[in-house]
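Asks: Structure incoming, see below.
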Amino acid sequence: MEKLIAHRGIHNENIKENSYDGILKALESDKYIGVEFDVRVTFDNEIILYHDSYYNNKLVRNTYYKEMPKYVVRLQDILKINSNKIFLIEIKNIENNYDKFIKLLNKYKNKNIYVMSFSNKVIDKINISNRKYKIGVLNYVLNTNLNIKKLDFVAILNNLLNESLIKELNDLEIFSYGIIKKKNYKNVYYIIDK
């Protein structure tokens, strides 16, 4: 079985990306071994699944959860879904909510949770000693100043993935994104749209 991760869930004209239905469909599908989704924090400190910085010309971080569209779901509601598949969480912004985020992730310690960010600072903040989730950095090639010994996995743009980089990363799990042409490397997960 290929190691495919559904990018923002299974979405189409009727199902929004990062929605409860899209995430659930991906987790129920035999095609995928996991699902990737984005999280942000609202003005009232709800950690939600949402990709964009803005909603209705207003920053999400300045928007109350109740003002968001009905399909926008809280992270805690997604983590309640009964599945052993990978929950690959991309942190877009959680700013001063690190403690709440960590507590929520550790509450679901039986889940297969992976957390990543483009920001090394964010990874450092969530890298606590007793964590029950795995951490990684997005766009590893541009974040090589980060100590990879602190990481469980990396995410790499597909066209930068090669045998020597895989060897350099040694035992780390690798998630490849931006798939133009899928390469068949062992121990690499592929984040794909449909």
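As shown in the structure tokens, the chain order sets the letters A, B, ...; within each chain, residues go from 1, and ligands are also counted from 1 in the order they appear.
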If you count only C-alpha atoms, which residues fall within 8 Å of region 30-38 of chain A, apart from same-chain ones fewer than 2 positions away, as a PyMOL selection string?
Replies: chain A and resi 3-9+18+23+26-28+40+49-51+85-92+191
Asks: Please save N, CA and C atoms of the selected residues as a CSV table (one decimal), in the first residue's frame.
Replies:
chain,number,residue,atom,x,y,z
A,3,LYS,N,2.0,5.0,0.8
A,3,LYS,CA,1.8,5.8,2.0
A,3,LYS,C,1.3,7.2,1.6
A,4,LEU,N,0.0,7.3,1.4
A,4,LEU,CA,-0.6,8.6,0.9
A,4,LEU,C,-1.3,9.3,2.1
A,5,ILE,N,-1.1,10.6,2.2
A,5,ILE,CA,-1.8,11.4,3.2
A,5,ILE,C,-2.7,12.4,2.4
A,6,ALA,N,-4.0,12.5,2.8
A,6,ALA,CA,-4.9,13.4,2.1
A,6,ALA,C,-4.7,14.8,2.5
A,7,HIS,N,-4.3,15.6,1.6
A,7,HIS,CA,-4.0,17.1,1.8
A,7,HIS,C,-5.3,17.8,2.1
A,8,ARG,N,-5.5,18.3,3.4
A,8,ARG,CA,-6.7,19.0,3.8
A,8,ARG,C,-7.9,18.2,3.7
A,9,GLY,N,-7.8,16.9,3.8
A,9,GLY,CA,-8.9,15.9,3.7
A,9,GLY,C,-9.3,15.7,2.3
A,18,ASN,N,-10.3,21.0,4.9
A,18,ASN,CA,-10.2,21.2,6.3
A,18,ASN,C,-11.5,21.1,7.1
A,23,ILE,N,-12.2,15.7,6.5
A,23,ILE,CA,-11.3,14.9,7.3
A,23,ILE,C,-11.8,13.5,7.5
A,26,ALA,N,-11.4,11.2,4.5
A,26,ALA,CA,-10.0,10.8,4.3
A,26,ALA,C,-9.7,9.7,5.3
A,27,LEU,N,-10.1,9.8,6.6
A,27,LEU,CA,-9.8,8.8,7.6
A,27,LEU,C,-10.5,7.5,7.3
A,28,GLU,N,-11.7,7.6,6.7
A,28,GLU,CA,-12.4,6.4,6.4
A,28,GLU,C,-12.0,5.7,5.1
A,40,ARG,N,-5.3,27.1,13.1
A,40,ARG,CA,-5.2,28.6,13.4
A,40,ARG,C,-5.9,28.8,14.7
A,49,LEU,N,-9.6,24.4,12.4
A,49,LEU,CA,-9.0,24.0,11.2
A,49,LEU,C,-9.3,25.0,10.1
A,50,TYR,N,-8.3,25.7,9.6
A,50,TYR,CA,-8.5,26.7,8.6
A,50,TYR,C,-7.2,27.1,8.0
A,51,HIS,N,-7.1,27.2,6.7
A,51,HIS,CA,-5.9,27.4,6.0
A,51,HIS,C,-5.5,28.9,5.9
A,85,LYS,N,-5.2,6.2,12.1
A,85,LYS,CA,-4.5,6.8,11.0
A,85,LYS,C,-3.7,8.0,11.5
A,86,ILE,N,-2.8,8.5,10.6
A,86,ILE,CA,-2.0,9.7,10.9
A,86,ILE,C,-2.9,10.9,10.9
A,87,PHE,N,-2.8,11.8,11.9
A,87,PHE,CA,-3.3,13.1,11.9
A,87,PHE,C,-2.1,14.0,11.8
A,88,LEU,N,-1.9,14.6,10.6
A,88,LEU,CA,-0.7,15.4,10.3
A,88,LEU,C,-1.2,16.9,10.4
A,89,ILE,N,-0.8,17.6,11.5
A,89,ILE,CA,-1.3,18.9,11.8
A,89,ILE,C,-0.2,19.9,11.4
A,90,GLU,N,-0.6,20.9,10.5
A,90,GLU,CA,0.3,22.0,10.1
A,90,GLU,C,-0.2,23.2,10.9
A,91,ILE,N,0.7,23.7,11.7
A,91,ILE,CA,0.4,24.9,12.5
A,91,ILE,C,0.6,26.1,11.6
A,92,LYS,N,-0.5,26.8,11.4
A,92,LYS,CA,-0.4,28.1,10.7
A,92,LYS,C,-0.1,29.2,11.6
A,191,ILE,N,2.0,13.6,0.6
A,191,ILE,CA,0.8,14.4,0.9
A,191,ILE,C,0.3,14.8,-0.4
Asks: Within 12 Å of Asn45 (chain A), counting only C-alpha atoms, which residues qualify if same-chain residues fewer than 6 places away don't, as a ChimeraX atom specification?
Replies: /A:39,60-66,74-75,93-101
Asks: May I have the residues from that selection written out with C-alpha atoms, as a JSON list (two decimals), in the first residue's frame?
Replies:
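Contents of the output file out-v5.json:
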[["chain", "number", "residue", "atom", "x", "y", "z"],
["A", 39, "VAL", "CA", -4.78, 24.95, 12.37],
["A", 60, "VAL", "CA", -8.71, 34.88, 11.57],
["A", 61, "ARG", "CA", -6.85, 35.71, 14.81],
["A", 62, "ASN", "CA", -9.12, 38.80, 15.09],
["A", 63, "THR", "CA", -12.30, 36.83, 14.35],
["A", 64, "TYR", "CA", -14.53, 35.04, 16.85],
["A", 65, "TYR", "CA", -15.16, 31.35, 16.24],
["A", 66, "LYS", "CA", -18.92, 31.95, 15.95],
["A", 74, "ARG", "CA", -12.37, 22.98, 16.22],
["A", 75, "LEU", "CA", -9.28, 20.79, 16.54],
["A", 93, "ASN", "CA", -0.65, 30.20, 13.82],
["A", 94, "ILE", "CA", -1.29, 29.38, 17.44],
["A", 95, "GLU", "CA", 0.67, 32.33, 18.84],
["A", 96, "ASN", "CA", 0.22, 32.49, 22.60],
["A", 97, "ASN", "CA", -1.85, 29.31, 22.82],
["A", 98, "TYR", "CA", 1.00, 26.81, 22.99],
["A", 99, "ASP", "CA", 0.00, 25.46, 26.41],
["A", 100, "LYS", "CA", -3.61, 24.92, 25.34],
["A", 101, "PHE", "CA", -2.45, 23.25, 22.12]]
Asks: Set the distance at 12 Å and use only C-alpha atoms: which residues neighbour Glu173 (chain A) once local chain neighbours fewer than 2 positions away are removed? I'd like the list as a list in words.
Replies: Lys3, Tyr114, Lys134, Ile135, Gly136, Val137, Ile148, Leu151, Asp152, Phe153, Val154, Ala155, Ile156, Ile166, Lys167, Glu168, Leu169, Asn170, Asp171, Phe175, Ser176, Tyr185, Lys186, Asn187, Val188, Tyr189 and Tyr190 of chain A
Asks: Take the residues from that selection and write them out as a compact mmCIF listing (two decimals), in the first residue's frame, keeping N, CA, C and O atoms.
Replies:
# COMPACT_ATOMS: atom_id res chain seq x y z
N LYS A 3 1.96 5.03 0.77
CA LYS A 3 1.82 5.85 1.98
C LYS A 3 1.30 7.24 1.59
O LYS A 3 2.07 8.19 1.50
N TYR A 114 1.01 13.86 14.38
CA TYR A 114 2.24 14.49 13.92
C TYR A 114 1.95 15.98 13.81
O TYR A 114 0.91 16.37 13.28
N LYS A 134 4.37 13.49 17.65
CA LYS A 134 5.65 13.65 16.95
C LYS A 134 5.73 15.07 16.39
O LYS A 134 4.71 15.67 16.04
N ILE A 135 6.95 15.59 16.31
CA ILE A 135 7.14 16.94 15.78
C ILE A 135 8.07 16.92 14.56
O ILE A 135 8.95 16.07 14.44
N GLY A 136 7.82 17.88 13.67
CA GLY A 136 8.64 18.00 12.47
C GLY A 136 8.62 19.40 11.92
O GLY A 136 7.84 20.24 12.34
N VAL A 137 9.48 19.63 10.97
CA VAL A 137 9.57 20.94 10.35
C VAL A 137 9.18 20.82 8.89
O VAL A 137 9.51 19.84 8.22
N ILE A 148 18.23 18.61 13.73
CA ILE A 148 17.31 17.54 13.34
C ILE A 148 17.23 16.43 14.39
O ILE A 148 16.30 15.64 14.36
N LEU A 151 13.93 16.37 16.06
CA LEU A 151 12.76 16.11 15.24
C LEU A 151 12.46 14.62 15.10
O LEU A 151 13.36 13.79 15.17
N ASP A 152 11.19 14.33 14.86
CA ASP A 152 10.76 12.96 14.56
C ASP A 152 10.57 12.77 13.06
O ASP A 152 10.63 11.65 12.56
N PHE A 153 10.31 13.87 12.34
CA PHE A 153 10.09 13.80 10.91
C PHE A 153 10.37 15.15 10.27
O PHE A 153 10.52 16.16 10.97
N VAL A 154 10.45 15.17 8.96
CA VAL A 154 10.58 16.41 8.19
C VAL A 154 9.60 16.35 7.02
O VAL A 154 9.20 15.26 6.59
N ALA A 155 9.22 17.51 6.55
CA ALA A 155 8.41 17.62 5.33
C ALA A 155 9.24 18.37 4.30
O ALA A 155 9.83 19.41 4.60
N ILE A 156 9.31 17.80 3.11
CA ILE A 156 10.19 18.32 2.07
C ILE A 156 9.42 18.47 0.76
O ILE A 156 8.65 17.57 0.38
N ILE A 166 17.76 11.84 1.66
CA ILE A 166 17.14 10.77 2.45
C ILE A 166 18.18 10.10 3.33
O ILE A 166 17.95 9.86 4.52
N LYS A 167 19.36 9.86 2.79
CA LYS A 167 20.45 9.24 3.56
C LYS A 167 20.89 10.18 4.69
O LYS A 167 21.14 9.74 5.81
N GLU A 168 21.00 11.46 4.40
CA GLU A 168 21.40 12.45 5.41
C GLU A 168 20.41 12.50 6.57
O GLU A 168 20.80 12.68 7.73
N LEU A 169 19.14 12.32 6.26
CA LEU A 169 18.10 12.38 7.30
C LEU A 169 18.02 11.11 8.13
O LEU A 169 17.28 11.05 9.11
N ASN A 170 18.74 10.11 7.72
CA ASN A 170 18.92 8.87 8.48
C ASN A 170 17.60 8.20 8.85
O ASN A 170 16.93 7.68 7.99
N ASP A 171 17.21 8.22 10.10
CA ASP A 171 16.04 7.48 10.55
C ASP A 171 14.77 8.31 10.64
O ASP A 171 13.75 7.82 11.13
N PHE A 175 7.88 13.33 4.95
CA PHE A 175 6.63 13.62 4.26
C PHE A 175 6.97 14.50 3.07
O PHE A 175 7.61 15.54 3.22
N SER A 176 6.55 14.09 1.89
CA SER A 176 6.83 14.83 0.66
C SER A 176 5.56 15.54 0.22
O SER A 176 4.48 14.95 0.20
N TYR A 185 10.30 6.33 -3.16
CA TYR A 185 11.29 6.13 -2.12
C TYR A 185 10.67 5.37 -0.96
O TYR A 185 9.53 5.62 -0.58
N LYS A 186 11.43 4.47 -0.41
CA LYS A 186 10.99 3.72 0.76
C LYS A 186 10.96 4.68 1.96
O LYS A 186 11.77 5.59 2.06
N ASN A 187 10.01 4.49 2.85
CA ASN A 187 9.88 5.28 4.06
C ASN A 187 9.57 6.75 3.84
O ASN A 187 9.97 7.61 4.62
N VAL A 188 8.90 7.06 2.73
CA VAL A 188 8.46 8.42 2.47
C VAL A 188 6.94 8.41 2.35
O VAL A 188 6.37 7.56 1.68
N TYR A 189 6.30 9.35 3.04
CA TYR A 189 4.85 9.55 2.92
C TYR A 189 4.61 10.64 1.89
O TYR A 189 5.40 11.58 1.78
N TYR A 190 3.51 10.55 1.16
CA TYR A 190 3.20 11.54 0.12
C TYR A 190 1.91 12.24 0.45
O TYR A 190 0.85 11.62 0.56
Asks: Going by DSSP on the backbone, which bits of region 56-192 of chain A are alpha helix (DSSP H)? Write them as a tab-separated table (two decimals) with N, CA, C and O atoms, in the first residue's frame, please.
Replies:
chain	number	residue	atom	x	y	z
A	75	LEU	N	-10.23	21.90	16.51
A	75	LEU	CA	-9.28	20.79	16.54
A	75	LEU	C	-9.75	19.68	17.47
A	75	LEU	O	-9.67	18.50	17.14
A	76	GLN	N	-10.27	20.04	18.61
A	76	GLN	CA	-10.70	19.02	19.58
A	76	GLN	C	-11.78	18.12	19.00
A	76	GLN	O	-11.84	16.94	19.32
A	77	ASP	N	-12.64	18.66	18.12
A	77	ASP	CA	-13.69	17.83	17.51
A	77	ASP	C	-13.10	16.83	16.51
A	77	ASP	O	-13.61	15.72	16.37
A	78	ILE	N	-12.03	17.21	15.84
A	78	ILE	CA	-11.36	16.30	14.91
A	78	ILE	C	-10.62	15.21	15.68
A	78	ILE	O	-10.66	14.04	15.31
A	79	LEU	N	-9.96	15.58	16.75
A	79	LEU	CA	-9.19	14.60	17.51
A	79	LEU	C	-10.07	13.57	18.22
A	79	LEU	O	-9.59	12.52	18.61
A	98	TYR	N	0.20	28.03	23.02
A	98	TYR	CA	1.00	26.81	22.99
A	98	TYR	C	0.59	25.84	24.09
A	98	TYR	O	0.46	24.64	23.85
A	99	ASP	N	0.38	26.34	25.30
A	99	ASP	CA	0.00	25.46	26.41
A	99	ASP	C	-1.33	24.77	26.14
A	99	ASP	O	-1.47	23.57	26.38
A	100	LYS	N	-2.30	25.51	25.65
A	100	LYS	CA	-3.61	24.92	25.34
A	100	LYS	C	-3.46	23.86	24.24
A	100	LYS	O	-4.04	22.78	24.32
A	101	PHE	N	-2.68	24.17	23.23
A	101	PHE	CA	-2.45	23.25	22.12
A	101	PHE	C	-1.80	21.96	22.60
A	101	PHE	O	-2.25	20.86	22.30
A	102	ILE	N	-0.73	22.08	23.37
A	102	ILE	CA	-0.01	20.92	23.89
A	102	ILE	C	-0.91	20.07	24.78
A	102	ILE	O	-0.94	18.84	24.67
A	103	LYS	N	-1.66	20.72	25.64
A	103	LYS	CA	-2.57	20.00	26.53
A	103	LYS	C	-3.60	19.21	25.73
A	103	LYS	O	-3.89	18.05	26.04
A	104	LEU	N	-4.13	19.83	24.69
A	104	LEU	CA	-5.12	19.17	23.84
A	104	LEU	C	-4.51	17.95	23.13
A	104	LEU	O	-5.10	16.88	23.11
A	105	LEU	N	-3.33	18.10	22.57
A	105	LEU	CA	-2.68	16.99	21.89
A	105	LEU	C	-2.36	15.84	22.85
A	105	LEU	O	-2.58	14.68	22.52
A	106	ASN	N	-1.87	16.17	24.02
A	106	ASN	CA	-1.53	15.13	24.99
A	106	ASN	C	-2.76	14.43	25.55
A	106	ASN	O	-2.69	13.29	25.99
A	107	LYS	N	-3.90	15.11	25.51
A	107	LYS	CA	-5.16	14.49	25.95
A	107	LYS	C	-5.51	13.30	25.06
A	107	LYS	O	-6.08	12.32	25.51
A	120	ASN	N	10.69	27.40	13.00
A	120	ASN	CA	11.52	26.70	13.98
A	120	ASN	C	11.12	27.10	15.40
A	120	ASN	O	11.16	26.29	16.32
A	121	LYS	N	10.73	28.36	15.58
A	121	LYS	CA	10.32	28.87	16.89
A	121	LYS	C	9.11	28.09	17.40
A	121	LYS	O	9.05	27.71	18.58
A	122	VAL	N	8.16	27.84	16.54
A	122	VAL	CA	6.96	27.08	16.92
A	122	VAL	C	7.35	25.67	17.33
A	122	VAL	O	6.88	25.15	18.35
A	123	ILE	N	8.20	25.04	16.54
A	123	ILE	CA	8.64	23.67	16.85
A	123	ILE	C	9.33	23.63	18.21
A	123	ILE	O	9.08	22.74	19.03
A	124	ASP	N	10.18	24.61	18.49
A	124	ASP	CA	10.85	24.67	19.80
A	124	ASP	C	9.84	24.81	20.94
A	124	ASP	O	9.99	24.20	21.99
A	125	LYS	N	8.79	25.60	20.74
A	125	LYS	CA	7.78	25.82	21.79
A	125	LYS	C	6.97	24.56	22.10
A	125	LYS	O	6.55	24.37	23.24
A	126	ILE	N	6.73	23.74	21.10
A	126	ILE	CA	5.90	22.54	21.34
A	126	ILE	C	6.73	21.29	21.62
A	126	ILE	O	6.18	20.23	21.87
A	163	GLU	N	18.01	10.80	-3.10
A	163	GLU	CA	18.63	9.73	-2.31
A	163	GLU	C	19.62	10.26	-1.27
A	163	GLU	O	19.66	9.79	-0.14
A	164	SER	N	20.43	11.25	-1.63
A	164	SER	CA	21.44	11.72	-0.68
A	164	SER	C	20.79	12.46	0.49
A	164	SER	O	21.24	12.33	1.63
A	165	LEU	N	19.73	13.20	0.24
A	165	LEU	CA	19.01	13.88	1.33
A	165	LEU	C	18.35	12.85	2.24
A	165	LEU	O	18.40	12.97	3.47
A	166	ILE	N	17.76	11.84	1.66
A	166	ILE	CA	17.14	10.77	2.45
A	166	ILE	C	18.18	10.10	3.33
A	166	ILE	O	17.95	9.86	4.52
A	167	LYS	N	19.36	9.86	2.79
A	167	LYS	CA	20.45	9.24	3.56
A	167	LYS	C	20.89	10.18	4.69
A	167	LYS	O	21.14	9.74	5.81
A	168	GLU	N	21.00	11.46	4.40
A	168	GLU	CA	21.40	12.45	5.41
A	168	GLU	C	20.41	12.50	6.57
A	168	GLU	O	20.80	12.68	7.73
Asks: As an exercise, work out the distance from CA of Leu59 (chain A) to CA of Ile10 (chain A) in Å and give it to one decimal place.
Replies: 25.4 Å
Asks: Tell me which of A:Leu24, A:Lys80, A:Leu161, A:Asp193 sits closest to Asn12 (chain A), counting only C-alpha atoms.
Replies: A:Asp193
Asks: Between A:Ser119, A:Asn110, A:Leu138, A:Asn184, which is the closest to Asn82 (chain A) once you count only C-alpha atoms?
Replies: A:Asn110
Asks: Mind pulling up the distance from CA of Ile192 (chain A) to CA of Tyr71 (chain A)?
Replies: 21.6 Å
Asks: Run DSSP on the backbone and grab whatever in region 127-168 of chain A lands in strand (DSSP E); send it over as a list in words.
Replies: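 Of region 127-168 of chain A, the ones in strand (DSSP E) are Lys134, Ile135, Gly136, Val137, Leu138, Phe153, Val154, Ala155, Ile156 and Leu157 of chain A.
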